[in-house]
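query.pdb follows; it contains PDB, C-alpha atoms, pLDDT in the B column.
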ATOM      1  CA  MET T   1      44.702  18.503   9.049  1.00 57.00           C
ATOM      2  CA  LYS T   2      41.223  18.402  10.562  1.00 55.00           C
ATOM      3  CA  LEU T   3      40.165  21.480   8.555  1.00 57.00           C
ATOM      4  CA  PHE T   4      41.553  19.915   5.374  1.00 59.00           C
ATOM      5  CA  SER T   5      39.609  16.695   6.020  1.00 53.00           C
ATOM      6  CA  SER T   6      36.430  18.694   6.642  1.00 53.00           C
ATOM      7  CA  LEU T   7      36.858  20.586   3.376  1.00 50.00           C
ATOM      8  CA  ILE T   8      37.423  17.362   1.461  1.00 51.00           C
ATOM      9  CA  ALA T   9      34.295  15.843   3.025  1.00 50.00           C
ATOM     10  CA  LEU T  10      32.252  18.944   2.164  1.00 49.00           C
ATOM     11  CA  PHE T  11      33.506  18.913  -1.418  1.00 52.00           C
ATOM     12  CA  PHE T  12      32.698  15.199  -1.708  1.00 49.00           C
ATOM     13  CA  ASN T  13      29.151  15.753  -0.441  1.00 49.00           C
ATOM     14  CA  LEU T  14      28.580  18.593  -2.887  1.00 47.00           C
ATOM     15  CA  VAL T  15      29.892  16.616  -5.833  1.00 46.00           C
ATOM     16  CA  VAL T  16      28.106  13.370  -4.961  1.00 50.00           C
ATOM     17  CA  LEU T  17      24.784  14.808  -3.831  1.00 53.00           C
ATOM     18  CA  GLY T  18      24.326  17.662  -6.283  1.00 73.00           C
ATOM     19  CA  GLN T  19      21.709  20.424  -6.073  1.00 86.00           C
ATOM     20  CA  GLU T  20      19.412  21.214  -3.175  1.00 91.00           C
ATOM     21  CA  GLN T  21      15.697  21.594  -3.859  1.00 95.00           C
ATOM     22  CA  SER T  22      12.751  22.550  -1.693  1.00 96.00           C
ATOM     23  CA  LEU T  23      10.060  19.918  -1.103  1.00 97.00           C
ATOM     24  CA  PHE T  24       7.562  22.414   0.351  1.00 97.00           C
ATOM     25  CA  ASN T  25       6.723  25.623  -1.505  1.00 95.00           C
ATOM     26  CA  GLY T  26       5.167  27.487   1.436  1.00 95.00           C
ATOM     27  CA  ASN T  27       1.867  27.960  -0.407  1.00 95.00           C
ATOM     28  CA  ASP T  28       0.160  24.591  -0.847  1.00 96.00           C
ATOM     29  CA  LEU T  29       0.737  20.833  -0.711  1.00 97.00           C
ATOM     30  CA  SER T  30       1.865  20.445  -4.323  1.00 97.00           C
ATOM     31  CA  GLY T  31       4.058  17.357  -4.701  1.00 97.00           C
ATOM     32  CA  TRP T  32       2.577  15.668  -1.619  1.00 98.00           C
ATOM     33  CA  THR T  33      -0.303  13.246  -0.995  1.00 97.00           C
ATOM     34  CA  ILE T  34      -2.361  12.992   2.212  1.00 97.00           C
ATOM     35  CA  TYR T  35      -3.069   9.544   3.671  1.00 96.00           C
ATOM     36  CA  GLY T  36      -5.735   9.221   6.347  1.00 93.00           C
ATOM     37  CA  THR T  37      -8.194  11.744   7.791  1.00 91.00           C
ATOM     38  CA  GLU T  38      -5.848  13.844   9.943  1.00 94.00           C
ATOM     39  CA  LYS T  39      -5.247  17.493   9.069  1.00 95.00           C
ATOM     40  CA  TRP T  40      -2.456  18.790   6.822  1.00 97.00           C
ATOM     41  CA  TYR T  41      -2.584  22.420   5.711  1.00 97.00           C
ATOM     42  CA  VAL T  42      -0.527  25.521   5.030  1.00 98.00           C
ATOM     43  CA  GLU T  43      -0.753  28.529   7.335  1.00 96.00           C
ATOM     44  CA  ASP T  44       1.457  31.632   7.234  1.00 96.00           C
ATOM     45  CA  GLY T  45       3.913  29.846   4.960  1.00 97.00           C
ATOM     46  CA  LEU T  46       4.253  26.884   7.333  1.00 98.00           C
ATOM     47  CA  LEU T  47       3.182  23.277   6.848  1.00 98.00           C
ATOM     48  CA  VAL T  48       0.919  22.303   9.735  1.00 97.00           C
ATOM     49  CA  SER T  49       0.073  18.753  10.827  1.00 95.00           C
ATOM     50  CA  GLU T  50      -2.737  18.363  13.331  1.00 93.00           C
ATOM     51  CA  SER T  51      -4.841  15.547  14.746  1.00 91.00           C
ATOM     52  CA  GLY T  52      -8.331  15.364  13.277  1.00 87.00           C
ATOM     53  CA  PRO T  53     -11.571  14.135  14.857  1.00 86.00           C
ATOM     54  CA  ASP T  54     -10.700  10.486  14.120  1.00 84.00           C
ATOM     55  CA  ALA T  55      -7.417  10.776  16.095  1.00 79.00           C
ATOM     56  CA  GLN T  56      -5.815   8.101  13.928  1.00 85.00           C
ATOM     57  CA  TYR T  57      -2.469   7.786  12.158  1.00 88.00           C
ATOM     58  CA  GLY T  58      -1.996  10.216   9.302  1.00 93.00           C
ATOM     59  CA  TYR T  59       0.726  10.732   6.707  1.00 96.00           C
ATOM     60  CA  LEU T  60       1.792  13.308   4.171  1.00 98.00           C
ATOM     61  CA  ALA T  61       4.080  11.705   1.608  1.00 98.00           C
ATOM     62  CA  THR T  62       6.071  13.011  -1.326  1.00 98.00           C
ATOM     63  CA  ASP T  63       4.763  11.948  -4.712  1.00 97.00           C
ATOM     64  CA  GLU T  64       8.333  11.231  -5.776  1.00 97.00           C
ATOM     65  CA  HIS T  65      10.510   8.443  -4.417  1.00 97.00           C
ATOM     66  CA  TYR T  66      13.965   9.215  -3.024  1.00 96.00           C
ATOM     67  CA  LYS T  67      16.744   6.700  -2.438  1.00 95.00           C
ATOM     68  CA  ASP T  68      20.007   8.415  -1.423  1.00 97.00           C
ATOM     69  CA  PHE T  69      19.745  11.980  -0.162  1.00 97.00           C
ATOM     70  CA  LEU T  70      20.429  14.605   2.447  1.00 98.00           C
ATOM     71  CA  LEU T  71      17.170  15.930   3.934  1.00 98.00           C
ATOM     72  CA  THR T  72      16.982  19.022   6.118  1.00 98.00           C
ATOM     73  CA  LEU T  73      13.911  20.464   7.803  1.00 98.00           C
ATOM     74  CA  GLU T  74      12.708  22.347  10.858  1.00 98.00           C
ATOM     75  CA  PHE T  75       9.831  21.438  13.164  1.00 97.00           C
ATOM     76  CA  PHE T  76       7.989  23.100  16.045  1.00 97.00           C
ATOM     77  CA  GLN T  77       6.013  20.885  18.420  1.00 95.00           C
ATOM     78  CA  GLU T  78       3.068  23.082  19.339  1.00 91.00           C
ATOM     79  CA  ALA T  79       1.107  20.309  21.065  1.00 85.00           C
ATOM     80  CA  ASP T  80       2.308  16.825  22.052  1.00 81.00           C
ATOM     81  CA  GLY T  81       4.601  16.527  19.028  1.00 78.00           C
ATOM     82  CA  ASN T  82       4.473  12.759  18.513  1.00 89.00           C
ATOM     83  CA  SER T  83       5.372  12.606  14.840  1.00 93.00           C
ATOM     84  CA  GLY T  84       8.176  11.474  12.601  1.00 95.00           C
ATOM     85  CA  VAL T  85       9.904  11.563   9.234  1.00 98.00           C
ATOM     86  CA  PHE T  86       9.625   8.351   7.226  1.00 98.00           C
ATOM     87  CA  ILE T  87      12.190   7.468   4.571  1.00 98.00           C
ATOM     88  CA  ARG T  88      12.030   4.998   1.664  1.00 97.00           C
ATOM     89  CA  SER T  89       8.422   4.341   2.617  1.00 97.00           C
ATOM     90  CA  THR T  90       5.200   3.211   0.981  1.00 96.00           C
ATOM     91  CA  ILE T  91       1.722   3.732   2.416  1.00 95.00           C
ATOM     92  CA  ASP T  92      -1.446   1.687   1.948  1.00 93.00           C
ATOM     93  CA  GLY T  93      -4.380   3.483   3.571  1.00 90.00           C
ATOM     94  CA  THR T  94      -2.653   4.437   6.816  1.00 88.00           C
ATOM     95  CA  LYS T  95      -0.396   1.388   7.052  1.00 92.00           C
ATOM     96  CA  VAL T  96       3.166   2.430   6.350  1.00 94.00           C
ATOM     97  CA  SER T  97       6.114   0.285   5.315  1.00 94.00           C
ATOM     98  CA  GLY T  98       9.505   1.846   5.914  1.00 93.00           C
ATOM     99  CA  TRP T  99      11.601   3.539   8.546  1.00 97.00           C
ATOM    100  CA  GLN T 100      10.818   6.480  10.777  1.00 97.00           C
ATOM    101  CA  VAL T 101      13.272   8.992  12.131  1.00 98.00           C
ATOM    102  CA  GLU T 102      11.420   9.838  15.329  1.00 97.00           C
ATOM    103  CA  VAL T 103      10.047  13.291  16.157  1.00 96.00           C
ATOM    104  CA  ALA T 104       8.550  13.185  19.636  1.00 94.00           C
ATOM    105  CA  PRO T 105       8.344  14.996  22.981  1.00 93.00           C
ATOM    106  CA  LYS T 106      11.496  15.169  25.102  1.00 92.00           C
ATOM    107  CA  GLY T 107      12.561  11.801  26.468  1.00 93.00           C
ATOM    108  CA  HIS T 108      10.941   9.855  23.620  1.00 95.00           C
ATOM    109  CA  HIS T 109      13.963   9.347  21.353  1.00 97.00           C
ATOM    110  CA  THR T 110      13.750  12.090  18.722  1.00 97.00           C
ATOM    111  CA  GLY T 111      16.300  11.252  16.048  1.00 98.00           C
ATOM    112  CA  GLY T 112      16.094   7.499  16.682  1.00 98.00           C
ATOM    113  CA  VAL T 113      15.073   5.036  13.961  1.00 98.00           C
ATOM    114  CA  TYR T 114      11.897   2.939  14.232  1.00 97.00           C
ATOM    115  CA  GLU T 115      10.575   0.310  11.820  1.00 96.00           C
ATOM    116  CA  SER T 116       6.763   0.326  11.811  1.00 90.00           C
ATOM    117  CA  TYR T 117       4.964  -3.015  11.441  1.00 91.00           C
ATOM    118  CA  GLY T 118       8.339  -4.709  11.638  1.00 92.00           C
ATOM    119  CA  ARG T 119      11.274  -4.811  14.021  1.00 95.00           C
ATOM    120  CA  GLY T 120      10.294  -1.765  16.091  1.00 96.00           C
ATOM    121  CA  TRP T 121      13.150   0.331  17.451  1.00 97.00           C
ATOM    122  CA  LEU T 122      16.357  -0.241  15.498  1.00 98.00           C
ATOM    123  CA  ILE T 123      18.392   2.379  17.345  1.00 98.00           C
ATOM    124  CA  LYS T 124      17.713   5.095  19.936  1.00 98.00           C
ATOM    125  CA  PRO T 125      19.854   8.123  20.801  1.00 98.00           C
ATOM    126  CA  SER T 126      21.983   7.747  23.918  1.00 97.00           C
ATOM    127  CA  PRO T 127      20.183   9.044  27.054  1.00 96.00           C
ATOM    128  CA  GLU T 128      22.278  12.218  27.334  1.00 96.00           C
ATOM    129  CA  LYS T 129      21.141  13.262  23.838  1.00 97.00           C
ATOM    130  CA  GLU T 130      17.485  13.374  24.876  1.00 95.00           C
ATOM    131  CA  ASN T 131      18.090  16.976  26.024  1.00 96.00           C
ATOM    132  CA  VAL T 132      19.121  18.144  22.543  1.00 98.00           C
ATOM    133  CA  LEU T 133      15.440  18.657  21.683  1.00 97.00           C
ATOM    134  CA  LYS T 134      14.251  22.228  22.308  1.00 96.00           C
ATOM    135  CA  GLU T 135      10.756  22.459  23.731  1.00 93.00           C
ATOM    136  CA  GLY T 136       8.605  25.389  22.664  1.00 93.00           C
ATOM    137  CA  ALA T 137      11.042  26.337  19.900  1.00 97.00           C
ATOM    138  CA  TRP T 138      12.040  25.448  16.365  1.00 98.00           C
ATOM    139  CA  ASN T 139      14.308  22.423  16.001  1.00 98.00           C
ATOM    140  CA  SER T 140      16.412  21.530  12.974  1.00 98.00           C
ATOM    141  CA  MET T 141      16.726  17.953  11.756  1.00 98.00           C
ATOM    142  CA  LYS T 142      19.047  16.481   9.167  1.00 98.00           C
ATOM    143  CA  ILE T 143      18.815  12.957   7.743  1.00 98.00           C
ATOM    144  CA  GLN T 144      21.418  11.474   5.411  1.00 98.00           C
ATOM    145  CA  LEU T 145      20.880   8.217   3.541  1.00 98.00           C
ATOM    146  CA  SER T 146      23.555   6.516   1.501  1.00 97.00           C
ATOM    147  CA  GLY T 147      22.951   2.899   0.562  1.00 97.00           C
ATOM    148  CA  ASP T 148      22.370   0.994   3.806  1.00 97.00           C
ATOM    149  CA  LYS T 149      23.641   3.770   6.085  1.00 98.00           C
ATOM    150  CA  LEU T 150      21.347   6.285   7.803  1.00 98.00           C
ATOM    151  CA  THR T 151      22.547   9.148  10.016  1.00 98.00           C
ATOM    152  CA  SER T 152      20.355  11.676  11.823  1.00 98.00           C
ATOM    153  CA  TRP T 153      21.201  15.015  13.433  1.00 98.00           C
ATOM    154  CA  LEU T 154      19.105  17.217  15.712  1.00 98.00           C
ATOM    155  CA  ASN T 155      20.071  20.858  16.177  1.00 98.00           C
ATOM    156  CA  GLY T 156      23.532  20.094  14.802  1.00 98.00           C
ATOM    157  CA  VAL T 157      24.143  17.112  17.101  1.00 98.00           C
ATOM    158  CA  GLU T 158      24.539  13.655  15.562  1.00 98.00           C
ATOM    159  CA  MET T 159      21.844  11.530  17.170  1.00 98.00           C
ATOM    160  CA  VAL T 160      22.306   8.079  15.607  1.00 98.00           C
ATOM    161  CA  THR T 161      24.065   6.250  12.802  1.00 98.00           C
ATOM    162  CA  ILE T 162      22.889   2.844  11.648  1.00 98.00           C
ATOM    163  CA  THR T 163      23.898   0.476   8.874  1.00 98.00           C
ATOM    164  CA  ASP T 164      21.094  -1.936   7.992  1.00 98.00           C
ATOM    165  CA  ASP T 165      20.568  -4.235   5.002  1.00 97.00           C
ATOM    166  CA  LYS T 166      16.781  -3.810   4.967  1.00 97.00           C
ATOM    167  CA  ILE T 167      17.058  -0.016   4.924  1.00 97.00           C
ATOM    168  CA  GLY T 168      19.521  -0.399   2.052  1.00 97.00           C
ATOM    169  CA  GLU T 169      16.958  -2.373   0.072  1.00 96.00           C
ATOM    170  CA  GLY T 170      14.147   0.108   0.763  1.00 96.00           C
ATOM    171  CA  GLU T 171      12.383   2.118  -1.933  1.00 95.00           C
ATOM    172  CA  GLY T 172       9.778   4.830  -1.523  1.00 97.00           C
ATOM    173  CA  SER T 173       8.749   8.289  -0.449  1.00 97.00           C
ATOM    174  CA  ILE T 174       9.599  10.704   2.303  1.00 98.00           C
ATOM    175  CA  ALA T 175       6.575  11.010   4.592  1.00 98.00           C
ATOM    176  CA  LEU T 176       5.668  13.062   7.642  1.00 97.00           C
ATOM    177  CA  GLN T 177       3.550  11.377  10.302  1.00 94.00           C
ATOM    178  CA  ILE T 178       0.823  12.260  12.771  1.00 92.00           C
ATOM    179  CA  HIS T 179       0.692   9.620  15.523  1.00 89.00           C
ATOM    180  CA  ASP T 180      -2.653   8.284  16.632  1.00 80.00           C
ATOM    181  CA  GLY T 181      -4.269   9.284  19.923  1.00 83.00           C
ATOM    182  CA  GLY T 182      -5.202  12.874  19.135  1.00 76.00           C
ATOM    183  CA  GLY T 183      -3.976  16.170  20.562  1.00 83.00           C
ATOM    184  CA  ILE T 184      -0.990  16.450  18.236  1.00 89.00           C
ATOM    185  CA  LYS T 185       0.073  19.595  16.403  1.00 94.00           C
ATOM    186  CA  VAL T 186       3.443  20.052  14.726  1.00 96.00           C
ATOM    187  CA  LYS T 187       4.554  22.817  12.356  1.00 97.00           C
ATOM    188  CA  TRP T 188       7.184  22.262   9.649  1.00 98.00           C
ATOM    189  CA  ARG T 189       9.251  24.543   7.447  1.00 97.00           C
ATOM    190  CA  ASN T 190      12.343  24.672   5.226  1.00 98.00           C
ATOM    191  CA  ILE T 191      11.965  21.075   4.004  1.00 98.00           C
ATOM    192  CA  LYS T 192      14.837  20.663   1.550  1.00 98.00           C
ATOM    193  CA  ILE T 193      16.496  17.707  -0.132  1.00 98.00           C
ATOM    194  CA  THR T 194      19.781  17.233  -1.925  1.00 97.00           C
ATOM    195  CA  THR T 195      20.057  14.170  -4.132  1.00 93.00           C
ATOM    196  CA  SER T 196      22.651  12.637  -6.401  1.00 76.00           C
ATOM    197  CA  GLU T 197      20.423  12.975  -9.439  1.00 58.00           C
TER
END
For the structure just supplied, provide its representation as structure tokens.
Amino acid sequence: MKLFSSLIALFFNLVVLGQEQSLFNGNDLSGWTIYGTEKWYVEDGLLVSESGPDAQYGYLATDEHYKDFLLTLEFFQEADGNSGVFIRSTIDGTKVSGWQVEVAPKGHHTGGVYESYGRGWLIKPSPEKENVLKEGAWNSMKIQLSGDKLTSWLNGVEMVTITDDKIGEGEGSIALQIHDGGGIKVKWRNIKITTSE
């Protein structure tokens, strides 16, 4: 019965969400816009985010807006790693409106949901899930948004699920973040999205 239910759920996701597409082509930043003075570049087929001399917040956002989707990506925290994946977000200069699925060093709630310039932490992973993050290695993240429900996974483990009216009303881009403070370097790859369109 469990297998049958899993197959039905998989079929439903495929039918509802549709085709997967890559958001990063491995060659350049086509389809993305840089906000701020921090560094975003492509090296050896990887997307690299790195603190610049200003050591301020920086963002790399998709030119397209995405509402309901399944996003998958991989990240490698080469230095510090305080970053994040914003959903349904808009950016003015380096001030972001939206919700961040946290990417941070171990013990700092990777996979949790934070609302910048708003309510702050909406939900954090339970303490035992802090060890799901792999240091010095590639990590896989999955984010699913459907209406007002957001679920995140890290390395195949469900980290949080939240239902929130404000998230449901949100509109905007997917954006990667560099936190302020300097010393941050995170590599990204295999950024793919499946939408219902």
Applied to this file, what does the PyMOL selection byres ((chain T and resi 160-168) around 10) return in terms of residues, put as a ChimeraX atom specification? /T:67-68,87-89,98-99,101,110-113,115,122-126,129,143-154,157-159,169-171
Hey, which of T:Ile34, T:Val85, T:Ala175, T:Leu70 ends up closest to Ser196 of chain T? Count all atoms listed in the file.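 Using all atoms listed in the file, Ser196 of chain T sits closest to T:Leu70.
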Determine the residue set returned by the PyMOL selection byres ((chain T and resi 36) around 8) for the present structure, and present it as a list in words. Ile34, Tyr35, Thr37, Glu38, Gln56, Tyr57, Gly58, Tyr59, Gly93 and Thr94 of chain T
Evaluate the PyMOL selection byres ((chain T and resi 33) around 9) here and jot the selected residues down as a PyMOL selection string. chain T and resi 29-32+34-35+59-63
Please produce a file of the residues just selected, as a tab-separated table (two decimals), in the coordinates of the input, where the atoms kept are C-alpha atoms.
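Contents of again-v1.tsv, as written:
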chain	number	residue	atom	x	y	z
T	29	LEU	CA	0.74	20.83	-0.71
T	30	SER	CA	1.86	20.44	-4.32
T	31	GLY	CA	4.06	17.36	-4.70
T	32	TRP	CA	2.58	15.67	-1.62
T	34	ILE	CA	-2.36	12.99	2.21
T	35	TYR	CA	-3.07	9.54	3.67
T	59	TYR	CA	0.73	10.73	6.71
T	60	LEU	CA	1.79	13.31	4.17
T	61	ALA	CA	4.08	11.70	1.61
T	62	THR	CA	6.07	13.01	-1.33
T	63	ASP	CA	4.76	11.95	-4.71
So the first atom is atom CA of Asp44 of chain T and the second is atom CA of Val103 of chain T; what is the distance between them in Å, to one decimal place?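 Atom-to-atom, atom CA of Asp44 of chain T and atom CA of Val103 of chain T are spaced 22.1 Å apart.
Distance annotation: of T:Asp92, T:Lys134, T:Ser97, T:Leu23, the residue with the minimal separation from Arg119 of chain T is T:Ser97; atom set is only C-alpha atoms.
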Between atom CA of Val48 of chain T and atom CA of Leu73 of chain T, what distance in Å does the model show, to one decimal? 13.3 Å
N, CA and C atoms are needed for segment 73-108 of chain T; please write them out as a short mmCIF file (atom, residue, chain, number, x, y, z; two decimals), in the frame of the given file.
data_model
loop_
_atom_site.label_atom_id
_atom_site.label_comp_id
_atom_site.auth_asym_id
_atom_site.auth_seq_id
_atom_site.Cartn_x
_atom_site.Cartn_y
_atom_site.Cartn_z
N LEU T 73 15.21 19.85 7.53
CA LEU T 73 13.91 20.46 7.80
C LEU T 73 13.92 21.04 9.22
N GLU T 74 12.89 21.81 9.51
CA GLU T 74 12.71 22.35 10.86
C GLU T 74 11.29 22.00 11.32
N PHE T 75 11.15 21.74 12.62
CA PHE T 75 9.83 21.44 13.16
C PHE T 75 9.65 22.14 14.51
N PHE T 76 8.39 22.45 14.80
CA PHE T 76 7.99 23.10 16.05
C PHE T 76 6.83 22.30 16.62
N GLN T 77 7.04 21.72 17.79
CA GLN T 77 6.01 20.88 18.42
C GLN T 77 5.09 21.78 19.26
N GLU T 78 3.98 22.16 18.65
CA GLU T 78 3.07 23.08 19.34
C GLU T 78 2.23 22.37 20.39
N ALA T 79 1.87 21.11 20.10
CA ALA T 79 1.11 20.31 21.06
C ALA T 79 1.51 18.86 20.91
N ASP T 80 1.87 18.22 22.00
CA ASP T 80 2.31 16.82 22.05
C ASP T 80 3.55 16.61 21.20
N GLY T 81 3.42 16.61 19.88
CA GLY T 81 4.60 16.53 19.03
C GLY T 81 5.00 15.12 18.64
N ASN T 82 4.13 14.13 18.89
CA ASN T 82 4.47 12.76 18.51
C ASN T 82 4.28 12.58 17.02
N SER T 83 5.40 12.61 16.29
CA SER T 83 5.37 12.61 14.84
C SER T 83 6.59 11.84 14.34
N GLY T 84 7.00 12.14 13.12
CA GLY T 84 8.18 11.47 12.60
C GLY T 84 8.37 11.76 11.13
N VAL T 85 9.56 11.42 10.64
CA VAL T 85 9.90 11.56 9.23
C VAL T 85 10.23 10.17 8.70
N PHE T 86 9.39 9.67 7.81
CA PHE T 86 9.62 8.35 7.23
C PHE T 86 10.47 8.48 5.97
N ILE T 87 11.33 7.49 5.76
CA ILE T 87 12.19 7.47 4.57
C ILE T 87 11.99 6.14 3.84
N ARG T 88 12.16 6.20 2.51
CA ARG T 88 12.03 5.00 1.66
C ARG T 88 10.78 4.21 2.05
N SER T 89 9.66 4.91 2.07
CA SER T 89 8.42 4.34 2.62
C SER T 89 7.31 4.28 1.58
N THR T 90 6.43 3.29 1.76
CA THR T 90 5.20 3.21 0.98
C THR T 90 4.04 3.14 1.96
N ILE T 91 2.88 3.64 1.53
CA ILE T 91 1.72 3.73 2.42
C ILE T 91 0.50 3.14 1.72
N ASP T 92 -0.21 2.29 2.44
CA ASP T 92 -1.45 1.69 1.95
C ASP T 92 -2.53 2.02 2.97
N GLY T 93 -3.40 2.96 2.60
CA GLY T 93 -4.38 3.48 3.57
C GLY T 93 -3.64 4.31 4.60
N THR T 94 -3.52 3.79 5.82
CA THR T 94 -2.65 4.44 6.82
C THR T 94 -1.65 3.44 7.38
N LYS T 95 -1.42 2.35 6.65
CA LYS T 95 -0.40 1.39 7.05
C LYS T 95 0.87 1.69 6.27
N VAL T 96 1.93 1.99 6.99
CA VAL T 96 3.17 2.43 6.35
C VAL T 96 4.22 1.32 6.42
N SER T 97 4.96 1.18 5.35
CA SER T 97 6.11 0.28 5.32
C SER T 97 7.35 1.15 5.12
N GLY T 98 8.32 1.02 6.02
CA GLY T 98 9.51 1.85 5.91
C GLY T 98 10.08 2.15 7.28
N TRP T 99 10.85 3.23 7.34
CA TRP T 99 11.60 3.54 8.55
C TRP T 99 11.35 4.98 8.95
N GLN T 100 11.15 5.17 10.24
CA GLN T 100 10.82 6.48 10.78
C GLN T 100 12.00 7.03 11.58
N VAL T 101 12.38 8.25 11.25
CA VAL T 101 13.27 8.99 12.13
C VAL T 101 12.35 9.75 13.08
N GLU T 102 12.41 9.39 14.34
CA GLU T 102 11.42 9.84 15.33
C GLU T 102 11.46 11.35 15.55
N VAL T 103 10.26 11.93 15.66
CA VAL T 103 10.05 13.29 16.16
C VAL T 103 9.02 13.15 17.27
N ALA T 104 9.42 13.46 18.49
CA ALA T 104 8.55 13.18 19.64
C ALA T 104 8.88 14.14 20.78
N PRO T 105 8.03 14.17 21.82
CA PRO T 105 8.34 15.00 22.98
C PRO T 105 9.66 14.56 23.63
N LYS T 106 10.21 15.44 24.45
CA LYS T 106 11.50 15.17 25.10
C LYS T 106 11.42 13.86 25.90
N GLY T 107 12.50 13.07 25.78
CA GLY T 107 12.56 11.80 26.47
C GLY T 107 12.00 10.64 25.68
N HIS T 108 11.55 10.90 24.43
CA HIS T 108 10.94 9.86 23.62
C HIS T 108 11.71 9.61 22.32
#
